[in-house]
Amino acid sequence: MFRKYKEDLIFFAFSVALTLVFFFPGWIKGNMFIMTDFLTAAYPFHKMASKLPIPKWDPYIFGGMPFWGAPHADVFYINQIFRFITEPGYAASLSMVFHSIWAYIFGYLFLRKLGIEKNWAFLLSVAYSTATFWTSLVFSGHLAKMSIICNLPAIFWALEGTLEGKLKYAALLGLFAGITTNAGHAQLIYYTFIAVLIYALGWIVYSLRQKEYKKVLKVVLYGVFSLIIAIAISSPFLWNQWEYIRGYSLRGEVKGIEFSKSWSLDWADFFSMFFGMYSGVFEKYWGSNPFKINSEYLGAILVFFGVIGIITNFKNWRVISLSVAAFILFVLMTAKVNPLFPLFYEFFPMVKLFRAQSMASGVFGFLVFGLGAFAFKDIERLKELAPRVIIGGLIVGLFLLMFGKSLTIWGLESDMERLAIFSATSTDRFFAISKTLVIWFLAYMLIKGNPKSLTTPFFLAIVGFTDNFLSKSPFYKPINESVYFAKDDIAAYLEENKGIYRVLDLGYKMDDNYLVLFGIQSVGGHHGQQMKTYYEYLKCEGLMFNPFLCKKIRNNPEVLDTLGVKFVIAPRGLREEIQNYPEFSKLGEHIQKYETVYSNQRFEILKNPDYFPRFFLLCGDSIMRNLRVLNYYPRGGFYEVEYSSDKPCKLVLTENYYHHWKAFVDGKAVNVERFRGTFMAISAPTGKHKVKFIYNSPLENLTLKLFFVGIAVSLAGFLIGWRFKI
């Protein structure tokens, strides 16, 4: 058996070695990479998810929200396994290594299924498994995007097997698609679905033209089987998030075409995908997306062979399908400058729900990888066309050097700062274009010289890997996980003063969820799925929380009392300095009454003497605060309180309302109503009573069962298909 798969194993071992070099030192225990969004937003919730039972409710930011539904962590995805065995940051580093190897394995298998020789399948798969267009996302911390992009080869490998009419592949297609969806990024899954659907339709059209009607019917039925499995497995993410976003999230609203165009690629960005401009060691970003911290660069190897693959096989149904899908994604990812996008926005399903269309480049990169395979269907034709592609690349490169300044503003408003950066980076662009053309020429010379030699794909793989490796350096900055998330004196003070209260951060780690690590609840935080009603209550502006942009906190700061804000963390001297700004004068006056209970060189903790408890009775105009909390288990969505009143009141819980909350007075179910638009309340009868608030989502319970049923059906389908060869 070893002799049969000797070459495959050698190629695999070499690819693993390259992956370990690429991600060094992240896979060494204790290390992790700086991953901006992950560190500030996701890390604490991944920490919460690493302990069983997995939380039902997240009370720590934005007044509380569902843990699965929002969603906070990809608890039904492979990454969860890593979090069970190690710390979240190191788990993320291990996940990157795993996904790179996973992308290589199934990239290789996919190309082999397309009939590509082992050596060329190895070459392209190495280029894909370390490609900058997904590995640069390490710095932004978008684990879900990276995971999905690395799963695309597995999905298309299983899709190819399904199109052959084999049940075992249909079962695996449903498994891979469902698990990939649970990685937790609906928009990238949407782009993936577009590519898969067009590829499948391409096969159907081709087969119908061949009059293979029975085979088409069989494959369509297998496709439905795969879809059912995928929907069942992905339901804990897909259904719960859909319920939350459509009913509660700020992101559930259609915000117009300009919002949908935001964070898409301009023409300079688009051409950089192919030439690596401002995305490597020496380049600086000069496009139209501020604060950009990733690259869409596909890599010279994938681009070179992808272009040749289209030219040499433009009548092949697979090439046509991949090209059509690539064109659709091209229109989407260049939304801000592409004149066709308004048509897509109006008539293409679901496009109105998304912004940051540039992320379609992840799926686009896979399509280029698939197209590259067809360059190796005819080596002699490849040799013939390669010089023309190099000359064409040279012409495009010269055009970019000569007219790049116009390209940066084509279709956009002029931006003097951006044009100034462009003028200062001409050497960077010249280097990037020259590097790409040199790699193309080198690839051509090696294949022309001895295409059958094993040293040729090995050498080209190293060239492609080196191109990716040099381009990754701005996006890889290793840190020590335990040091980075060490408890500081602010967190230590709050942890020592445990209680049922919230903290308002006015500059300490305002755009961060750091305090969640220590069980401390915050008024704000960093999260993209916050409650719409909560924001409306505070009259906040923008998707990310900033207390100075919340009108109630600014103009009616007494609202902090109703939020249960016991402590405010502020830079030292803020109380005095804020008085100099008229728009914040009311907030400044309000916090003057707060007592300073802790101070260091940079920050001070102020204690609010009038904060409301989490539970209180509202009896007409009077407020009763002396309720007895019997049980408080926020992770599990369970609160129990005892009160005594001689008149009917409302019992208020200042936790965000969600329709899956239930309340019971002495064991009898009562109606939970909204209080002030975002919190919860019940009608409290006279006398002494015990009240329980329980978060129990029938939908979450159902989707959990469907997840395991889907896994079981998939495995059963695979075993039946494998055993009976159907």
# chains A, B, ... in the order shown; residues from 1 in each chain; ligands from 1
>>> select_by_dssp(residues="segment 525-657 of chain A", states="helix (DSSP H, G or I)", output="number ranges by chain")
A: 532-538, 547-549, 551-555, 559-562, 574-580, 582-591, 634-636
>>> residues_around(residues="Pro698 of chain A", least_positions_apart="2", cutoff="12 Å", atoms="only C-alpha atoms", output="count of residues only")
16
>>> residues_around(residues="Met510 of chain A", least_positions_apart="6", cutoff="10 Å", atoms="only C-alpha atoms", output="number ranges by chain")
A: 40, 504, 522-526, 545-547, 569-570
>>> closest_atom_pairs(of="segment 123-215 of chain A", to="segment 353-357 of chain A", cutoff="10 Å", atoms="only C-alpha atoms", output="tab-separated table")
residue	atom	partner	partner_atom	distance
A:Ala186	CA	A:Phe354	CA	9.5
A:Gln187	CA	A:Phe354	CA	6.9
A:Leu188	CA	A:Gln357	CA	9.4
A:Tyr190	CA	A:Phe354	CA	9.9
A:Tyr191	CA	A:Gln357	CA	9.6
>>> closest_residue(among="A:Arg614, A:Lys586, A:Arg418, A:Arg318", to="Thr654 of chain A", atoms="only C-alpha atoms")
A:Arg614
>>> atom_distance(atom1="atom CA of Leu332 of chain A", atom2="atom CA of Ala42 of chain A")
27.4 Å
>>> residues_around(residues="Leu618 of chain A", least_positions_apart="5", cutoff="7 Å", atoms="only C-alpha atoms", output="list in words")
Ile623, Met624, Cys649, Lys650 and Leu651 of chain A
>>> atom_distance(atom1="atom CA of Leu114 of chain A", atom2="atom CA of Ile462 of chain A")
23.5 Å
>>> closest_residue(among="A:Ile245, A:Ile189, A:Leu197, A:Ala103", to="Cys150 of chain A", atoms="only C-alpha atoms")
A:Ala103
>>> residues_around(residues="segment 45-49 of chain A", least_positions_apart="5", cutoff="6 Å", atoms="only C-alpha atoms", output="list of chain:residue names")
A:Ile54, A:Ala73, A:Pro88
